[in-house]
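Written below as structure tokens is the structure these notes are about.
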Amino acid sequence: MKQAFTIILLCLPLFLEGRPVKRCEPLQERTETHFQKDTIRTQDIKNNADWTIPGQQNTPAETTGTNTEVNGKPKKRPQQPIKLKEDPKYLEGAVPTDKNGKIIFTLDKEIPGHSKKEIYDSLYQYLDQLTKGKDELKDSRIALVSTSRGIIAAVVKEWMTFKSSFLSLDRTKFLYTIIAQCSDNHLKVTISRISYVYEEGRTGGFNSPAEEIISDKYALTKKKNDLTKIYGKFRKGTIDRKDEIFKQIVNLFQEQKKE
């Protein structure tokens, strides 16, 4: 019985071969047409990052969209330049610090054709006049000297004025130390130990070192493209005063050279 059933199954395709299968022809035709319409061309796949061909990977050039990857990493968008709202001379890098975090401005300059004594005498005369200027306070003076080493140390206490008018006066006591080191054909001048006494005896006033007032941390905005409203004027005034002193010293020797 089992053997007879097997023979019937083997012969069944022969019985059906001569019969027209009308139902299958429309189905086959419809399926092929539908498949052709729904077939996704390779070019379409390449233009859509959501589709991939099995066994292939889209290269960065074949992917689109905002999350394009390069070498497996998201492509970074180019950063827009930050617009500066203040002169760069007052912004990041304008206030140097030493290894201990102390603010020190330095003038290190060659003075060709001048002996150690000549440079020393010129600097002593300049600093003596500086400590006796109209904006200087009582204790502003040349404090220490060493003629043998060519060193002059001056303690400077003066008024730094931010705004002066008939109705208001905004200023601070500005304290700092100038040290000049003189040698043959060379001069080094530093301005350090800077501090401010502002609105003394008033609410909101302070007596603070420069490190807590004009450093980048306190005097620059978060984007470092502008000065802060509270301490920005101290930073700007200090840099301007430093530039003025160093320029006067350099010009001093240039004028001597002309003579």
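Going by the structure tokens order, chains are called A, B, ..., each with residues numbered from 1, while ligands are numbered from 1 in the order shown.
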Polymer residues at most 12 Å from Gln125 of chain A, only C-alpha atoms, same-chain spacing of 5 or more positions, as a VMD selection string = chain A and resid 118 to 120 130 to 132 141 to 142 152 154 249 252
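Once Lys223 of chain A and its same-chain neighbours fewer than 3 positions away are set aside, Pro81, Ile82, Lys83, Leu84, Lys85, Glu86, Leu91, Glu92, Asp216, Lys217, Ala219, Leu220, Asp226, Leu227 and Thr228 of chain A remain within 12 Å of it when counting only C-alpha atoms.
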Quick one: DSSP strand (DSSP E or B) residues in segment 67-230 of chain A, as a PyMOL selection string?
-> chain A and resi 69-70+73-74+97+103+105-110+136+141-146+151-164+169-183+186-198+206-209+220+227
Using the selection just defined, write its residues with C-alpha atoms as a tab-separated table (two decimals), in the first residue's frame.
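What follows is the written file selection.tsv:
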chain	number	residue	atom	x	y	z
A	69	GLU	CA	30.16	59.85	9.31
A	70	VAL	CA	33.83	59.99	8.33
A	73	LYS	CA	33.08	59.16	13.51
A	74	PRO	CA	30.37	61.84	13.24
A	97	THR	CA	50.97	85.06	34.77
A	103	ILE	CA	50.36	88.54	37.21
A	105	PHE	CA	54.06	92.38	32.95
A	106	THR	CA	57.57	92.33	31.48
A	107	LEU	CA	59.60	94.56	29.18
A	108	ASP	CA	62.76	92.73	28.07
A	109	LYS	CA	64.70	94.83	25.61
A	110	GLU	CA	68.15	95.20	24.11
A	136	GLU	CA	50.65	109.74	42.58
A	141	ARG	CA	58.57	106.25	45.81
A	142	ILE	CA	61.80	104.52	44.81
A	143	ALA	CA	62.14	102.00	47.63
A	144	LEU	CA	65.37	100.06	47.02
A	145	VAL	CA	68.39	100.29	44.74
A	146	SER	CA	71.60	98.39	44.08
A	151	ILE	CA	68.64	97.10	40.17
A	152	ILE	CA	66.00	99.72	41.00
A	153	ALA	CA	62.75	98.90	42.83
A	154	ALA	CA	59.94	101.44	42.97
A	155	VAL	CA	56.69	101.19	44.93
A	156	VAL	CA	53.99	103.01	42.98
A	157	LYS	CA	50.68	104.15	44.46
A	158	GLU	CA	48.50	106.28	42.23
A	159	TRP	CA	44.97	107.06	41.17
A	160	MET	CA	43.51	105.24	38.19
A	161	THR	CA	40.53	107.22	36.91
A	162	PHE	CA	37.79	105.48	34.96
A	163	LYS	CA	35.38	108.38	34.59
A	164	SER	CA	35.49	111.98	35.67
A	169	LEU	CA	34.08	110.60	39.76
A	170	ASP	CA	34.86	106.91	39.32
A	171	ARG	CA	38.42	105.93	40.25
A	172	THR	CA	40.50	103.44	42.22
A	173	LYS	CA	43.78	103.41	44.09
A	174	PHE	CA	46.22	101.50	41.90
A	175	LEU	CA	49.20	99.91	43.65
A	176	TYR	CA	52.11	98.11	41.99
A	177	THR	CA	55.86	97.52	42.05
A	178	ILE	CA	58.31	98.31	39.25
A	179	ILE	CA	61.65	96.51	39.24
A	180	ALA	CA	64.32	97.48	36.70
A	181	GLN	CA	67.35	95.26	36.08
A	182	CYS	CA	70.07	97.04	34.13
A	183	SER	CA	73.12	95.60	32.38
A	186	HIS	CA	70.14	95.35	28.04
A	187	LEU	CA	67.19	96.29	30.24
A	188	LYS	CA	64.49	94.24	31.93
A	189	VAL	CA	61.54	95.94	33.62
A	190	THR	CA	58.69	94.18	35.41
A	191	ILE	CA	55.39	95.44	36.82
A	192	SER	CA	54.05	93.13	39.52
A	193	ARG	CA	52.38	92.92	42.95
A	194	ILE	CA	49.40	94.78	41.53
A	195	SER	CA	46.37	95.53	43.68
A	196	TYR	CA	43.38	97.87	43.81
A	197	VAL	CA	41.59	99.73	46.58
A	198	TYR	CA	38.17	100.66	45.20
A	206	PHE	CA	37.13	96.13	47.88
A	207	ASN	CA	40.87	95.86	48.44
A	208	SER	CA	42.01	93.02	46.19
A	209	PRO	CA	45.03	91.76	44.26
A	220	LEU	CA	36.56	88.25	30.65
A	227	LEU	CA	35.23	92.43	29.17
For Pro112 of chain A, which residue out of A:Lys89, A:Ile239, A:Asp184, A:Pro78 is the nearest one, using only C-alpha atoms?
->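 Closest to Pro112 of chain A, using only C-alpha atoms: A:Asp184.
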Which value, in Å to one decimal, gives the distance between atom CA of Ser168 of chain A and atom CA of Lys236 of chain A?
-> 19.9 Å
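Here the question is which of A:Pro96, A:Ile111, A:Asn225, A:Arg77 gets nearest to Asn251 of chain A using only C-alpha atoms, and that residue is A:Ile111.
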